[in-house]
Every structure is written in C-alpha cells, then in structure tokens.
$ cat work34.cif   # mmCIF, C-alpha atoms
data_start
#
loop_
_atom_site.label_atom_id
_atom_site.label_comp_id
_atom_site.auth_asym_id
_atom_site.auth_seq_id
_atom_site.Cartn_x
_atom_site.Cartn_y
_atom_site.Cartn_z
CA MET A 1 280.82 86.01 -144.30
CA VAL A 2 280.28 87.82 -140.98
CA THR A 3 282.75 90.11 -139.19
CA LEU A 4 282.32 90.43 -135.41
CA PRO A 5 284.18 93.28 -133.67
CA CYS A 6 285.13 92.52 -130.08
CA ALA A 7 287.35 93.59 -127.20
CA ALA A 8 288.28 90.00 -126.27
CA VAL A 9 287.51 86.38 -127.09
CA LEU A 10 286.53 83.95 -124.33
CA PHE A 11 286.94 80.31 -125.34
CA ASP A 12 285.46 77.21 -123.80
CA VAL A 13 287.99 74.35 -123.93
CA ASP A 14 286.61 70.80 -124.03
CA GLY A 15 284.69 70.30 -127.26
CA THR A 16 285.65 73.76 -128.53
CA LEU A 17 289.46 73.75 -128.59
CA VAL A 18 290.25 70.22 -127.40
CA ASP A 19 288.53 66.93 -128.17
CA SER A 20 288.59 64.55 -125.20
CA THR A 21 285.06 63.19 -125.67
CA PRO A 22 286.02 59.49 -126.05
CA LEU A 23 288.12 59.61 -122.88
CA VAL A 24 285.41 61.40 -120.89
CA GLU A 25 282.71 58.99 -122.00
CA ARG A 26 284.80 55.91 -121.18
CA ALA A 27 285.55 57.24 -117.70
CA ALA A 28 281.91 58.17 -117.10
CA ARG A 29 280.72 54.67 -118.01
CA VAL A 30 283.17 53.05 -115.61
CA TRP A 31 282.19 55.52 -112.90
CA ALA A 32 278.44 55.10 -113.48
CA ALA A 33 278.74 51.32 -113.18
CA GLU A 34 280.56 51.71 -109.85
CA TYR A 35 277.86 54.01 -108.46
CA GLY A 36 274.82 52.24 -109.91
CA ILE A 37 273.89 55.14 -112.20
CA ASP A 38 272.58 54.94 -115.75
CA ALA A 39 275.56 56.05 -117.84
CA ASP A 40 273.52 57.30 -120.78
CA GLU A 41 271.36 59.44 -118.52
CA PHE A 42 274.45 60.84 -116.78
CA LEU A 43 276.12 61.69 -120.09
CA SER A 44 273.00 63.20 -121.64
CA ASP A 45 273.61 66.60 -120.01
CA ALA A 46 277.18 66.30 -118.76
CA HIS A 47 279.00 68.11 -121.55
CA GLY A 48 279.97 71.67 -120.73
CA ARG A 49 279.12 71.39 -117.04
CA ARG A 50 281.33 71.03 -113.99
CA THR A 51 281.76 67.43 -112.85
CA SER A 52 280.62 68.25 -109.32
CA ASP A 53 277.42 69.90 -110.56
CA ARG A 54 276.48 66.91 -112.70
CA VAL A 55 277.36 64.39 -109.96
CA ALA A 56 275.14 66.36 -107.57
CA ASP A 57 272.21 65.68 -109.91
CA PHE A 58 272.52 61.95 -109.17
CA LEU A 59 273.94 61.49 -105.68
CA PRO A 60 273.17 62.81 -102.18
CA ALA A 61 275.15 65.87 -101.08
CA GLY A 62 277.23 63.84 -98.66
CA ARG A 63 278.63 61.68 -101.48
CA VAL A 64 279.31 64.36 -104.09
CA ARG A 65 282.88 65.24 -103.10
CA GLU A 66 284.09 61.65 -102.99
CA ALA A 67 282.27 60.64 -106.16
CA THR A 68 283.55 63.70 -108.03
CA ALA A 69 287.11 62.89 -106.98
CA ARG A 70 286.66 59.34 -108.25
CA LEU A 71 285.39 60.48 -111.64
CA ASP A 72 288.20 63.03 -111.91
CA ALA A 73 290.72 60.28 -111.14
CA LEU A 74 289.26 58.02 -113.82
CA GLU A 75 289.46 60.81 -116.39
CA ALA A 76 293.05 61.65 -115.38
CA SER A 77 294.23 58.04 -115.61
CA ARG A 78 294.44 58.17 -119.44
CA THR A 79 295.19 60.76 -122.07
CA ASP A 80 294.92 58.71 -125.27
CA GLY A 81 292.75 60.24 -127.96
CA ILE A 82 293.04 63.85 -126.78
CA THR A 83 293.63 66.17 -129.75
CA ALA A 84 293.24 69.80 -130.76
CA LEU A 85 290.10 70.34 -132.82
CA PRO A 86 290.28 71.52 -136.45
CA GLY A 87 291.42 75.10 -136.95
CA VAL A 88 292.43 75.63 -133.32
CA PRO A 89 296.25 75.92 -133.58
CA ASP A 90 296.07 78.30 -136.55
CA LEU A 91 293.41 80.53 -135.02
CA LEU A 92 295.12 80.87 -131.62
CA ALA A 93 298.49 81.57 -133.24
CA ALA A 94 296.95 84.33 -135.38
CA LEU A 95 295.10 86.24 -132.65
CA ASP A 96 298.13 88.53 -132.13
CA ASP A 97 297.05 91.52 -130.01
CA LEU A 98 293.42 90.45 -129.57
CA PRO A 99 293.05 89.48 -125.87
CA TRP A 100 291.69 86.01 -125.19
CA ALA A 101 290.96 83.76 -122.23
CA LEU A 102 289.86 80.23 -121.43
CA VAL A 103 286.71 79.52 -119.42
CA THR A 104 286.32 75.82 -118.70
CA SER A 105 284.30 73.49 -116.52
CA MET A 106 287.45 71.40 -115.98
CA ASP A 107 289.63 71.77 -112.92
CA LYS A 108 293.14 73.21 -113.19
CA GLU A 109 294.91 69.86 -113.38
CA GLN A 110 292.57 68.48 -116.05
CA LEU A 111 293.07 71.64 -118.06
CA ARG A 112 296.86 71.48 -117.75
CA VAL A 113 296.98 67.86 -118.86
CA ARG A 114 294.52 68.06 -121.75
CA THR A 115 295.83 71.28 -123.26
CA GLY A 116 299.37 69.97 -122.89
CA VAL A 117 298.59 66.74 -124.73
CA ALA A 118 296.68 68.64 -127.44
CA GLY A 119 299.34 71.32 -127.83
CA VAL A 120 296.96 74.17 -126.97
CA PRO A 121 298.69 77.14 -125.29
CA LEU A 122 297.44 78.66 -122.05
CA PRO A 123 296.79 82.42 -122.07
CA PRO A 124 297.38 84.64 -119.01
CA VAL A 125 293.68 84.52 -118.04
CA VAL A 126 292.28 81.04 -117.37
CA ILE A 127 289.07 80.38 -115.42
CA THR A 128 288.53 76.81 -114.18
CA ALA A 129 285.95 75.00 -112.07
CA GLU A 130 287.66 76.03 -108.82
CA ASP A 131 287.42 79.73 -109.62
CA VAL A 132 283.63 80.13 -109.65
CA PRO A 133 280.84 79.44 -107.14
CA ARG A 134 278.57 78.01 -109.85
CA GLY A 135 279.34 76.31 -113.15
CA LYS A 136 277.79 76.78 -116.59
CA PRO A 137 275.03 77.64 -117.48
CA ASP A 138 275.71 80.24 -114.78
CA PRO A 139 277.64 83.16 -116.33
CA SER A 140 280.12 83.54 -113.44
CA GLY A 141 283.10 82.16 -115.37
CA TYR A 142 282.63 84.40 -118.39
CA LEU A 143 281.99 87.47 -116.27
CA LEU A 144 285.15 86.77 -114.26
CA ALA A 145 287.26 86.27 -117.40
CA ALA A 146 286.00 89.50 -118.96
CA GLY A 147 286.74 91.35 -115.74
CA ARG A 148 290.30 90.04 -115.54
CA LEU A 149 290.87 91.13 -119.14
CA GLY A 150 289.45 94.57 -118.36
CA ALA A 151 286.74 94.12 -120.98
CA ASP A 152 283.01 94.78 -120.86
CA PRO A 153 281.29 91.37 -121.21
CA SER A 154 278.95 92.84 -123.83
CA ALA A 155 282.02 93.63 -125.97
CA CYS A 156 283.33 90.04 -125.78
CA LEU A 157 282.85 87.05 -128.03
CA VAL A 158 282.22 83.70 -126.34
CA VAL A 159 283.09 80.58 -128.35
CA GLU A 160 281.27 77.46 -127.15
CA ASP A 161 280.19 73.97 -128.19
CA ALA A 162 277.54 72.99 -125.63
CA PRO A 163 274.07 74.32 -124.75
CA ALA A 164 275.09 74.99 -121.13
CA GLY A 165 278.04 77.08 -122.29
CA VAL A 166 275.97 78.95 -124.86
CA ALA A 167 273.48 79.80 -122.11
CA ALA A 168 276.33 81.01 -119.87
CA GLY A 169 277.71 83.26 -122.58
CA ARG A 170 274.29 84.72 -123.33
CA ALA A 171 273.64 85.31 -119.63
CA ALA A 172 276.96 87.16 -119.39
CA GLY A 173 275.78 89.51 -122.12
CA ALA A 174 278.38 88.40 -124.67
CA THR A 175 277.95 87.58 -128.34
CA VAL A 176 278.09 83.80 -128.61
CA VAL A 177 279.57 81.82 -131.49
CA ALA A 178 278.82 78.09 -131.29
CA VAL A 179 280.74 75.29 -133.03
CA THR A 180 279.06 71.99 -133.92
CA THR A 181 282.00 69.85 -132.83
CA SER A 182 280.06 68.08 -130.05
CA HIS A 183 276.40 69.04 -130.51
CA PRO A 184 274.22 69.45 -133.60
CA ALA A 185 273.28 72.94 -134.72
CA GLY A 186 269.68 72.33 -133.68
CA SER A 187 270.67 72.22 -130.01
CA LEU A 188 272.75 75.41 -130.25
CA THR A 189 270.14 77.81 -131.60
CA ALA A 190 270.47 80.10 -128.57
CA ALA A 191 273.88 81.16 -129.95
CA HIS A 192 274.07 84.32 -132.05
CA HIS A 193 276.09 82.53 -134.74
CA ILE A 194 276.84 78.86 -135.48
CA VAL A 195 279.84 77.57 -137.46
CA PRO A 196 280.89 73.98 -138.20
CA ASP A 197 284.27 74.34 -136.47
CA LEU A 198 287.08 76.83 -135.98
CA THR A 199 288.47 76.38 -139.48
CA HIS A 200 285.66 78.79 -140.37
CA VAL A 201 286.79 81.47 -137.89
CA LEU A 202 289.60 83.87 -138.80
CA PRO A 203 291.12 86.93 -137.14
CA ALA A 204 289.92 90.27 -138.47
CA PRO A 205 290.91 93.82 -137.50
CA GLY A 206 289.49 94.28 -134.00
CA GLY A 207 287.67 90.97 -133.90
CA LEU A 208 286.90 87.72 -135.72
CA ARG A 209 285.52 86.84 -139.14
CA LEU A 210 283.17 83.90 -139.70
CA THR A 211 283.66 82.51 -143.19
CA ARG A 212 280.77 80.04 -143.03
CA THR A 213 277.72 80.06 -140.79
CA LEU A 214 274.94 77.52 -140.37
#
$ encode --input "work34.cif" --output "structure tokens"
Amino acid sequence: MVTLPCAAVLFDVDGTLVDSTPLVERAARVWAAEYGIDADEFLSDAHGRRTSDRVADFLPAGRVREATARLDALEASRTDGITALPGVPDLLAALDDLPWALVTSMDKEQLRVRTGVAGVPLPPVVITAEDVPRGKPDPSGYLLAAGRLGADPSACLVVEDAPAGVAAGRAAGATVVAVTTSHPAGSLTAAHHIVPDLTHVLPAPGGLRLTRTL
C-alpha cells in the first residue's frame, strides 16, 4: 500500500476514466480505409494523442484539417459501448475537497458526449485538444490544468493509461500513476506507480492511496 500526498489530481479521460476503445477503433478502421492508410499502423500509436497530431503523421499538411474532421465525425456518429471504467464513479465521488481536473486529447464535444454517456462528472477545470498548442506527450495540457487549479505541477498526481500521457505527466514534473486499462504494464514503466485500475486507488488525507501496485 502506497500513500501519495498531492495538491491536486489531474486525470486523463479516454482509457483512464472512460472506455470508448471499441468505438474509436471501429471509426479509425472505416476512416483508414477511406484514406488508403493501414489501420493497424494508424492505431498502433493513436491512443492518448490528439486526433490531429496522429493524422498529421500520415497525411500532408493540407489534408489534415479535413481528414481530422472526418475521423471526428465518424467517432461522434455512435456512442454504443462507452462506459465508465472500474472504480471511477466511486473514486470521483469520494475526492471531496481534493481538487481535480481532466486533461484529455479529445475535443470539447467528444468529451461532453463520452463523459455524459459514461456518467462521469465534469470538474470546473477541463483541458481539451483545443486548449493547447501541442498534444501529449507534450506537457502543455497538464501544466495548464495545474496552473488553473493554482497548484505547483510537482505537487500534482497525474493519472494516465497511455505511454504518451505518462510522458506528458513526467515532463510536467508531476508524479504519474498509470492504470493498465488500455496498455500492459510493460509499456508504462516510465510511470512512478502502476495499478491495474482505479478500484485500487482510494482517497487519503491530502492525497490518494494505492492499495495494489504492479
């Protein structure tokens, strides 16, 4: 058991609080077929990154905006299968006075829809793809969230599920807790602590307690 004091908790959303992986993968495969891109290659490093950043890896700059809008539209066309991940409702409800924020690679509309379907509340501080000049693994989102909460990034906990997000949290100077809800522990070793999911994370006085680490 590990107790981690902190001034605030900064959560990633997709893969950390909300599971929309089946929907995202279906949309990406349709999109990749339309644009003549290998879907498996596109998906291999897509998780945790902004759609526009990943699209830019495969298409010329002049096509990125249109192609990103198309992929966003495909993802928005369905909501079936979106759920809150294990432990999420209980943990968020129990945070009480501990400040927390969301830092996501989704845009505002995607976030609104997916958290609404999953029943995940939105805190006062939410950082989305539109709010930062660069997406994860750049630390901009986490630095901005900490600043809006009035917290030193080094006193924050970042909770992530993807290597890009773990790298962003580390670059921001935060302590990073990774969950293995979308990636195996072996790909998350840059995190300070790894837990199976958020059922193993509980509130503690002035921070969080990890009841099982990997």
$ resolve_selection --input "work34.cif" --expression "the PyMOL selection byres ((chain A and resi 126) around 10)" --output "list of chain:residue names"
A:Leu10, A:Phe11, A:Trp100, A:Ala101, A:Leu102, A:Val103, A:Thr104, A:Lys108, A:Leu111, A:Leu122, A:Pro123, A:Pro124, A:Val125, A:Ile127, A:Thr128, A:Asp131, A:Gly141, A:Leu144, A:Ala145, A:Arg148
$ atom_distance --input "work34.cif" --atom1 "atom CA of A:Arg26" --atom2 "atom CA of A:Arg78"
10.1 Å
$ closest_residue --input "work34.cif" --among "A:Asp45, A:Asp12, A:Glu25, A:Asp80" --to "A:Leu157" --atoms "only C-alpha atoms"
A:Asp12
$ resolve_selection --input "work34.cif" --expression "the PyMOL selection byres ((chain A and resi 172) around 7)" --output "MDAnalysis selection string"
chainID A and resid 139 142:143 153 168:171 173:174
$ residues_around --input "work34.cif" --residues "A:Leu74" --least-positions-apart "6" --cutoff "12 Å" --atoms "only C-alpha atoms" --output "count of residues only"
14
$ atom_distance --input "work34.cif" --atom1 "atom CA of A:Ile37" --atom2 "atom CA of A:His183"
23.1 Å
$ closest_residue --input "work34.cif" --among "A:Val179, A:Val55, A:Ala185, A:Val13" --to "A:Leu210" --atoms "only C-alpha atoms"
A:Val179
$ axis_aligned_box --input "work34.cif" --around "stretch 8-26 of chain A" --padding-each-side "3 Å" --output "JSON"
{"center_x": 286.5, "center_y": 73.0, "center_z": -124.7, "size_x": 13.5, "size_y": 40.1, "size_z": 13.7}
$ closest_residue --input "work34.cif" --among "A:Leu85, A:Met106, A:Ala7, A:Leu43" --to "A:Thr199" --atoms "only C-alpha atoms"
A:Leu85
$ atom_distance --input "work34.cif" --atom1 "atom CA of A:Cys156" --atom2 "atom CA of A:His192"
12.6 Å
$ closest_residue --input "work34.cif" --among "A:Pro196, A:Glu75, A:Thr16, A:Arg50" --to "A:Pro133" --atoms "all atoms listed in the file"
A:Arg50
$ decode --input "work34.cif" --residues "stretch 130-177 of chain A" --atoms "N, CA and C atoms" --output "PDB file, in the first residue's frame"
ATOM      1  N   GLU A 130      -8.406  21.553 -27.921  1.00  0.00           N
ATOM      2  CA  GLU A 130      -8.409  22.923 -28.441  1.00  0.00           C
ATOM      3  C   GLU A 130      -7.637  23.900 -27.549  1.00  0.00           C
ATOM      4  N   ASP A 131      -7.353  23.493 -26.324  1.00  0.00           N
ATOM      5  CA  ASP A 131      -6.787  24.425 -25.350  1.00  0.00           C
ATOM      6  C   ASP A 131      -5.268  24.503 -25.365  1.00  0.00           C
ATOM      7  N   VAL A 132      -4.612  23.606 -26.102  1.00  0.00           N
ATOM      8  CA  VAL A 132      -3.151  23.550 -26.050  1.00  0.00           C
ATOM      9  C   VAL A 132      -2.558  23.597 -27.455  1.00  0.00           C
ATOM     10  N   PRO A 133      -1.351  24.161 -27.584  1.00  0.00           N
ATOM     11  CA  PRO A 133      -0.724  24.238 -28.909  1.00  0.00           C
ATOM     12  C   PRO A 133      -0.183  22.893 -29.384  1.00  0.00           C
ATOM     13  N   ARG A 134       0.128  22.012 -28.439  1.00  0.00           N
ATOM     14  CA  ARG A 134       0.680  20.695 -28.763  1.00  0.00           C
ATOM     15  C   ARG A 134       0.043  19.661 -27.847  1.00  0.00           C
ATOM     16  N   GLY A 135      -0.242  18.484 -28.399  1.00  0.00           N
ATOM     17  CA  GLY A 135      -0.849  17.419 -27.609  1.00  0.00           C
ATOM     18  C   GLY A 135       0.186  16.553 -26.924  1.00  0.00           C
ATOM     19  N   LYS A 136      -0.285  15.631 -26.107  1.00  0.00           N
ATOM     20  CA  LYS A 136       0.583  14.658 -25.440  1.00  0.00           C
ATOM     21  C   LYS A 136       1.413  13.906 -26.492  1.00  0.00           C
ATOM     22  N   PRO A 137       2.690  13.667 -26.249  1.00  0.00           N
ATOM     23  CA  PRO A 137       3.412  13.691 -24.980  1.00  0.00           C
ATOM     24  C   PRO A 137       3.925  15.044 -24.515  1.00  0.00           C
ATOM     25  N   ASP A 138       3.579  16.119 -25.197  1.00  0.00           N
ATOM     26  CA  ASP A 138       3.934  17.452 -24.716  1.00  0.00           C
ATOM     27  C   ASP A 138       3.198  17.706 -23.394  1.00  0.00           C
ATOM     28  N   PRO A 139       3.834  18.361 -22.429  1.00  0.00           N
ATOM     29  CA  PRO A 139       3.204  18.556 -21.117  1.00  0.00           C
ATOM     30  C   PRO A 139       2.247  19.733 -21.023  1.00  0.00           C
ATOM     31  N   SER A 140       1.996  20.437 -22.128  1.00  0.00           N
ATOM     32  CA  SER A 140       1.217  21.676 -22.075  1.00  0.00           C
ATOM     33  C   SER A 140      -0.110  21.518 -21.336  1.00  0.00           C
ATOM     34  N   GLY A 141      -0.843  20.439 -21.616  1.00  0.00           N
ATOM     35  CA  GLY A 141      -2.153  20.264 -21.011  1.00  0.00           C
ATOM     36  C   GLY A 141      -2.073  20.128 -19.501  1.00  0.00           C
ATOM     37  N   TYR A 142      -1.127  19.348 -19.024  1.00  0.00           N
ATOM     38  CA  TYR A 142      -1.005  19.162 -17.580  1.00  0.00           C
ATOM     39  C   TYR A 142      -0.500  20.424 -16.890  1.00  0.00           C
ATOM     40  N   LEU A 143       0.398  21.138 -17.520  1.00  0.00           N
ATOM     41  CA  LEU A 143       0.873  22.394 -16.946  1.00  0.00           C
ATOM     42  C   LEU A 143      -0.262  23.415 -16.870  1.00  0.00           C
ATOM     43  N   LEU A 144      -1.085  23.463 -17.908  1.00  0.00           N
ATOM     44  CA  LEU A 144      -2.209  24.405 -17.923  1.00  0.00           C
ATOM     45  C   LEU A 144      -3.227  24.054 -16.842  1.00  0.00           C
ATOM     46  N   ALA A 145      -3.537  22.767 -16.699  1.00  0.00           N
ATOM     47  CA  ALA A 145      -4.500  22.345 -15.679  1.00  0.00           C
ATOM     48  C   ALA A 145      -3.994  22.676 -14.279  1.00  0.00           C
ATOM     49  N   ALA A 146      -2.727  22.377 -13.999  1.00  0.00           N
ATOM     50  CA  ALA A 146      -2.168  22.700 -12.689  1.00  0.00           C
ATOM     51  C   ALA A 146      -2.240  24.201 -12.425  1.00  0.00           C
ATOM     52  N   GLY A 147      -1.916  24.987 -13.440  1.00  0.00           N
ATOM     53  CA  GLY A 147      -1.968  26.437 -13.282  1.00  0.00           C
ATOM     54  C   GLY A 147      -3.369  26.939 -12.972  1.00  0.00           C
ATOM     55  N   ARG A 148      -4.355  26.393 -13.644  1.00  0.00           N
ATOM     56  CA  ARG A 148      -5.742  26.839 -13.406  1.00  0.00           C
ATOM     57  C   ARG A 148      -6.243  26.410 -12.033  1.00  0.00           C
ATOM     58  N   LEU A 149      -5.668  25.352 -11.494  1.00  0.00           N
ATOM     59  CA  LEU A 149      -6.023  24.926 -10.135  1.00  0.00           C
ATOM     60  C   LEU A 149      -5.189  25.644  -9.072  1.00  0.00           C
ATOM     61  N   GLY A 150      -4.219  26.429  -9.514  1.00  0.00           N
ATOM     62  CA  GLY A 150      -3.347  27.123  -8.573  1.00  0.00           C
ATOM     63  C   GLY A 150      -2.391  26.197  -7.856  1.00  0.00           C
ATOM     64  N   ALA A 151      -2.025  25.099  -8.517  1.00  0.00           N
ATOM     65  CA  ALA A 151      -1.154  24.098  -7.900  1.00  0.00           C
ATOM     66  C   ALA A 151       0.181  24.034  -8.631  1.00  0.00           C
ATOM     67  N   ASP A 152       1.233  23.771  -7.882  1.00  0.00           N
ATOM     68  CA  ASP A 152       2.540  23.507  -8.485  1.00  0.00           C
ATOM     69  C   ASP A 152       2.465  22.147  -9.173  1.00  0.00           C
ATOM     70  N   PRO A 153       2.846  22.044 -10.448  1.00  0.00           N
ATOM     71  CA  PRO A 153       2.783  20.742 -11.134  1.00  0.00           C
ATOM     72  C   PRO A 153       3.522  19.631 -10.387  1.00  0.00           C
ATOM     73  N   SER A 154       4.604  19.973  -9.713  1.00  0.00           N
ATOM     74  CA  SER A 154       5.377  18.955  -8.996  1.00  0.00           C
ATOM     75  C   SER A 154       4.638  18.426  -7.773  1.00  0.00           C
ATOM     76  N   ALA A 155       3.561  19.131  -7.365  1.00  0.00           N
ATOM     77  CA  ALA A 155       2.753  18.683  -6.230  1.00  0.00           C
ATOM     78  C   ALA A 155       1.483  17.972  -6.690  1.00  0.00           C
ATOM     79  N   CYS A 156       1.361  17.727  -8.003  1.00  0.00           N
ATOM     80  CA  CYS A 156       0.169  17.091  -8.562  1.00  0.00           C
ATOM     81  C   CYS A 156       0.412  15.621  -8.857  1.00  0.00           C
ATOM     82  N   LEU A 157      -0.673  14.857  -8.836  1.00  0.00           N
ATOM     83  CA  LEU A 157      -0.664  13.491  -9.345  1.00  0.00           C
ATOM     84  C   LEU A 157      -1.337  13.475 -10.707  1.00  0.00           C
ATOM     85  N   VAL A 158      -0.715  12.856 -11.682  1.00  0.00           N
ATOM     86  CA  VAL A 158      -1.301  12.627 -12.996  1.00  0.00           C
ATOM     87  C   VAL A 158      -1.693  11.162 -13.082  1.00  0.00           C
ATOM     88  N   VAL A 159      -2.925  10.895 -13.518  1.00  0.00           N
ATOM     89  CA  VAL A 159      -3.407   9.516 -13.666  1.00  0.00           C
ATOM     90  C   VAL A 159      -3.630   9.269 -15.148  1.00  0.00           C
ATOM     91  N   GLU A 160      -2.919   8.298 -15.713  1.00  0.00           N
ATOM     92  CA  GLU A 160      -2.874   8.068 -17.153  1.00  0.00           C
ATOM     93  C   GLU A 160      -2.958   6.585 -17.493  1.00  0.00           C
ATOM     94  N   ASP A 161      -3.234   6.311 -18.773  1.00  0.00           N
ATOM     95  CA  ASP A 161      -3.285   4.925 -19.230  1.00  0.00           C
ATOM     96  C   ASP A 161      -2.400   4.655 -20.426  1.00  0.00           C
ATOM     97  N   ALA A 162      -1.836   5.688 -21.045  1.00  0.00           N
ATOM     98  CA  ALA A 162      -1.097   5.518 -22.299  1.00  0.00           C
ATOM     99  C   ALA A 162       0.321   6.062 -22.179  1.00  0.00           C
ATOM    100  N   PRO A 163       1.267   5.483 -22.906  1.00  0.00           N
ATOM    101  CA  PRO A 163       2.650   5.967 -22.845  1.00  0.00           C
ATOM    102  C   PRO A 163       2.795   7.456 -23.149  1.00  0.00           C
ATOM    103  N   ALA A 164       2.047   7.964 -24.128  1.00  0.00           N
ATOM    104  CA  ALA A 164       2.151   9.392 -24.457  1.00  0.00           C
ATOM    105  C   ALA A 164       1.718  10.259 -23.279  1.00  0.00           C
ATOM    106  N   GLY A 165       0.670   9.831 -22.591  1.00  0.00           N
ATOM    107  CA  GLY A 165       0.192  10.589 -21.441  1.00  0.00           C
ATOM    108  C   GLY A 165       1.132  10.503 -20.256  1.00  0.00           C
ATOM    109  N   VAL A 166       1.699   9.314 -20.046  1.00  0.00           N
ATOM    110  CA  VAL A 166       2.693   9.153 -18.982  1.00  0.00           C
ATOM    111  C   VAL A 166       3.876  10.082 -19.234  1.00  0.00           C
ATOM    112  N   ALA A 167       4.337  10.130 -20.472  1.00  0.00           N
ATOM    113  CA  ALA A 167       5.450  11.013 -20.823  1.00  0.00           C
ATOM    114  C   ALA A 167       5.091  12.475 -20.585  1.00  0.00           C
ATOM    115  N   ALA A 168       3.852  12.850 -20.894  1.00  0.00           N
ATOM    116  CA  ALA A 168       3.408  14.237 -20.677  1.00  0.00           C
ATOM    117  C   ALA A 168       3.399  14.580 -19.202  1.00  0.00           C
ATOM    118  N   GLY A 169       2.894  13.661 -18.379  1.00  0.00           N
ATOM    119  CA  GLY A 169       2.875  13.904 -16.949  1.00  0.00           C
ATOM    120  C   GLY A 169       4.269  14.018 -16.364  1.00  0.00           C
ATOM    121  N   ARG A 170       5.167  13.146 -16.789  1.00  0.00           N
ATOM    122  CA  ARG A 170       6.551  13.210 -16.324  1.00  0.00           C
ATOM    123  C   ARG A 170       7.198  14.531 -16.748  1.00  0.00           C
ATOM    124  N   ALA A 171       6.967  14.934 -18.002  1.00  0.00           N
ATOM    125  CA  ALA A 171       7.562  16.173 -18.495  1.00  0.00           C
ATOM    126  C   ALA A 171       7.032  17.399 -17.758  1.00  0.00           C
ATOM    127  N   ALA A 172       5.804  17.296 -17.243  1.00  0.00           N
ATOM    128  CA  ALA A 172       5.231  18.398 -16.461  1.00  0.00           C
ATOM    129  C   ALA A 172       5.806  18.457 -15.048  1.00  0.00           C
ATOM    130  N   GLY A 173       6.514  17.412 -14.644  1.00  0.00           N
ATOM    131  CA  GLY A 173       7.095  17.372 -13.315  1.00  0.00           C
ATOM    132  C   GLY A 173       6.212  16.744 -12.265  1.00  0.00           C
ATOM    133  N   ALA A 174       5.092  16.154 -12.687  1.00  0.00           N
ATOM    134  CA  ALA A 174       4.148  15.547 -11.758  1.00  0.00           C
ATOM    135  C   ALA A 174       4.551  14.115 -11.418  1.00  0.00           C
ATOM    136  N   THR A 175       3.949  13.585 -10.353  1.00  0.00           N
ATOM    137  CA  THR A 175       4.043  12.160 -10.052  1.00  0.00           C
ATOM    138  C   THR A 175       2.973  11.451 -10.859  1.00  0.00           C
ATOM    139  N   VAL A 176       3.349  10.413 -11.593  1.00  0.00           N
ATOM    140  CA  VAL A 176       2.432   9.774 -12.528  1.00  0.00           C
ATOM    141  C   VAL A 176       2.033   8.391 -12.022  1.00  0.00           C
ATOM    142  N   VAL A 177       0.725   8.172 -11.965  1.00  0.00           N
ATOM    143  CA  VAL A 177       0.156   6.863 -11.668  1.00  0.00           C
ATOM    144  C   VAL A 177      -0.473   6.339 -12.953  1.00  0.00           C
TER     145      VAL A 177
END
